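A.B. asks: So that we are looking at the same thing, I have put the structure below in structure tokens.
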Amino acid sequence: MTDRIAFAAGFVLCAALIAAALYFQYVAGLAPCPLCILQRLAFIAVGAIMLVGFLHGPRGWGRRVYGGLAGFAGILGAAIAGRHVWLQNLPEEYVPECGPGLEFMLNAFPLQQALGLILRGSGECAEVQWTLLGLTMPGWSLVWLVALAVGSFYIALRRG
């Protein structure tokens, strides 16, 4: 597989996953929590980097840069998804209380403080609204973000 095809495949996968998230939000009526939004941003970042890698078609160090950046974005997203999965698996008495919405937090607090609040999670982040093969939506996000990160690092580190 050429680098361009690998970058294109990563972009298409990210686009399909974002399309699925929008379907669940707007058609199935599952409202995303703040941690879900951050995971979407990670998919968008990985997809955007993959798209630029596809369009640019770099060789050598350029391939390493795009692959490394996409891998790093995937790792960050996987960390957020891992936190979300952890929150969903807490015993009920340890689940944090529901907090304010994402828009309120971003408008009312400085960005660093808002991100801290978002990453702590809230009761709405612990709700399980959907499962497939025993995995929740954040569980599937974790699987796909790890796969994208591994694939991105493979693109970056393989010999051209």
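Identifiers in the structure tokens: chain A, B, ... in order shown; residue index from 1 per chain; ligand index from 1 in order shown.
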Write out as a PyMOL selection string all residues of range 56-160 of chain A that backbone DSSP assigns to helix (DSSP H, G or I).
C.D. replies: chain A and resi 56+61-88+92-94+102-108+111-120+123-126+137-157
A.B. asks: Thr2 in chain A: which residues within 12 Å, counting only C-alpha atoms, same-chain residues fewer than 4 positions away excluded, as a PyMOL selection string?
C.D. replies: chain A and resi 6-9+53-54+57-59+63+155+158-160
A.B. asks: Grab the CA of Ala15 in chain A to CA of Ala78 in chain A distance for me, in Å with one decimal place.
C.D. replies: 17.0 Å
A.B. asks: Skipping near chain neighbours, those fewer than 3 positions away, what residues fall within 9 Å of Phe43 in chain A using only C-alpha atoms, listed as an mmCIF file with N, CA, C and O atoms, in the first residue's frame?
C.D. replies:
data_model
loop_
_atom_site.group_PDB
_atom_site.id
_atom_site.type_symbol
_atom_site.label_atom_id
_atom_site.label_comp_id
_atom_site.auth_asym_id
_atom_site.auth_seq_id
_atom_site.Cartn_x
_atom_site.Cartn_y
_atom_site.Cartn_z
ATOM 1 N N CYS A 14 -11.938 8.215 9.268
ATOM 2 C CA CYS A 14 -12.321 9.303 10.181
ATOM 3 C C CYS A 14 -13.612 9.974 9.723
ATOM 4 O O CYS A 14 -14.486 10.270 10.545
ATOM 5 N N ALA A 15 -13.745 10.213 8.426
ATOM 6 C CA ALA A 15 -14.963 10.844 7.902
ATOM 7 C C ALA A 15 -16.176 9.956 8.160
ATOM 8 O O ALA A 15 -17.245 10.451 8.546
ATOM 9 N N LEU A 17 -16.528 7.747 10.570
ATOM 10 C CA LEU A 17 -16.815 7.734 12.006
ATOM 11 C C LEU A 17 -17.491 9.040 12.452
ATOM 12 O O LEU A 17 -18.401 9.012 13.282
ATOM 13 N N ILE A 18 -17.079 10.158 11.906
ATOM 14 C CA ILE A 18 -17.748 11.433 12.217
ATOM 15 C C ILE A 18 -19.163 11.420 11.663
ATOM 16 O O ILE A 18 -20.107 11.881 12.318
ATOM 17 N N LEU A 38 -14.984 16.129 22.570
ATOM 18 C CA LEU A 38 -13.520 16.118 22.470
ATOM 19 C C LEU A 38 -13.028 14.938 21.642
ATOM 20 O O LEU A 38 -12.066 15.061 20.878
ATOM 21 N N GLN A 39 -13.691 13.785 21.761
ATOM 22 C CA GLN A 39 -13.311 12.636 20.939
ATOM 23 C C GLN A 39 -13.576 12.921 19.464
ATOM 24 O O GLN A 39 -12.777 12.556 18.598
ATOM 25 N N ARG A 40 -14.675 13.584 19.173
ATOM 26 C CA ARG A 40 -14.956 13.977 17.787
ATOM 27 C C ARG A 40 -13.862 14.890 17.261
ATOM 28 O O ARG A 40 -13.431 14.765 16.113
ATOM 29 N N VAL A 46 -7.228 13.928 13.373
ATOM 30 C CA VAL A 46 -6.547 12.828 12.673
ATOM 31 C C VAL A 46 -6.946 12.835 11.200
ATOM 32 O O VAL A 46 -6.093 12.731 10.310
ATOM 33 N N GLY A 47 -8.244 12.973 10.935
ATOM 34 C CA GLY A 47 -8.722 12.972 9.560
ATOM 35 C C GLY A 47 -8.162 14.120 8.737
ATOM 36 O O GLY A 47 -7.790 13.943 7.569
ATOM 37 N N ALA A 48 -8.088 15.302 9.334
ATOM 38 C CA ALA A 48 -7.555 16.462 8.617
ATOM 39 C C ALA A 48 -6.078 16.269 8.283
ATOM 40 O O ALA A 48 -5.638 16.570 7.164
ATOM 41 N N ALA A 73 -2.319 12.905 17.598
ATOM 42 C CA ALA A 73 -3.729 13.279 17.771
ATOM 43 C C ALA A 73 -4.562 12.059 18.152
ATOM 44 O O ALA A 73 -5.470 12.148 18.981
ATOM 45 N N GLY A 74 -4.259 10.916 17.549
ATOM 46 C CA GLY A 74 -4.966 9.684 17.894
ATOM 47 C C GLY A 74 -4.728 9.265 19.337
ATOM 48 O O GLY A 74 -5.656 8.834 20.021
ATOM 49 N N GLY A 77 -6.734 11.563 21.601
ATOM 50 C CA GLY A 77 -8.132 11.154 21.548
ATOM 51 C C GLY A 77 -8.374 9.856 22.294
ATOM 52 O O GLY A 77 -9.383 9.699 22.991
ATOM 53 N N SER A 141 -14.886 4.293 20.237
ATOM 54 C CA SER A 141 -13.995 5.418 19.919
ATOM 55 C C SER A 141 -12.568 5.086 20.337
ATOM 56 O O SER A 141 -11.615 5.360 19.596
ATOM 57 N N LEU A 145 -9.564 5.005 17.743
ATOM 58 C CA LEU A 145 -8.485 5.977 17.915
ATOM 59 C C LEU A 145 -7.139 5.282 18.116
ATOM 60 O O LEU A 145 -6.119 5.738 17.588
#
A.B. asks: Just list the residues in chain A DSSP gives strand (DSSP E or B) on the backbone, as a compact mmCIF listing (two decimals) with all heavy atoms, in the first residue's frame.
C.D. replies:
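Writing done, so here's result_20.txt:
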# COMPACT_ATOMS: atom_id res chain seq x y z
N THR A 131 -24.81 0.44 22.91
CA THR A 131 -23.74 -0.55 22.90
C THR A 131 -23.82 -1.37 21.60
O THR A 131 -24.88 -1.52 21.00
CB THR A 131 -23.80 -1.52 24.09
OG1 THR A 131 -25.04 -2.24 24.03
CG2 THR A 131 -23.67 -0.81 25.42
N LEU A 132 -22.68 -1.89 21.21
CA LEU A 132 -22.58 -2.81 20.08
C LEU A 132 -21.50 -3.83 20.44
O LEU A 132 -20.37 -3.45 20.76
CB LEU A 132 -22.20 -2.07 18.80
CG LEU A 132 -21.97 -2.95 17.56
CD1 LEU A 132 -23.28 -3.61 17.12
CD2 LEU A 132 -21.39 -2.13 16.43
N LEU A 135 -19.55 -3.18 23.65
CA LEU A 135 -18.78 -1.95 23.81
C LEU A 135 -19.69 -0.74 23.66
O LEU A 135 -20.54 -0.70 22.77
CB LEU A 135 -17.66 -1.85 22.77
CG LEU A 135 -16.42 -2.70 22.99
CD1 LEU A 135 -15.45 -2.51 21.84
CD2 LEU A 135 -15.75 -2.37 24.30
N THR A 136 -19.47 0.25 24.52
CA THR A 136 -20.22 1.50 24.42
C THR A 136 -19.61 2.35 23.30
O THR A 136 -18.56 2.02 22.75
CB THR A 136 -20.14 2.27 25.74
OG1 THR A 136 -18.77 2.60 25.99
CG2 THR A 136 -20.70 1.46 26.90
A.B. asks: For CA of Leu87 in chain A and CA of Glu127 in chain A, quote the distance in Å rounded to one decimal.
C.D. replies: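 Here the two named atoms are 8.8 Å from each other.
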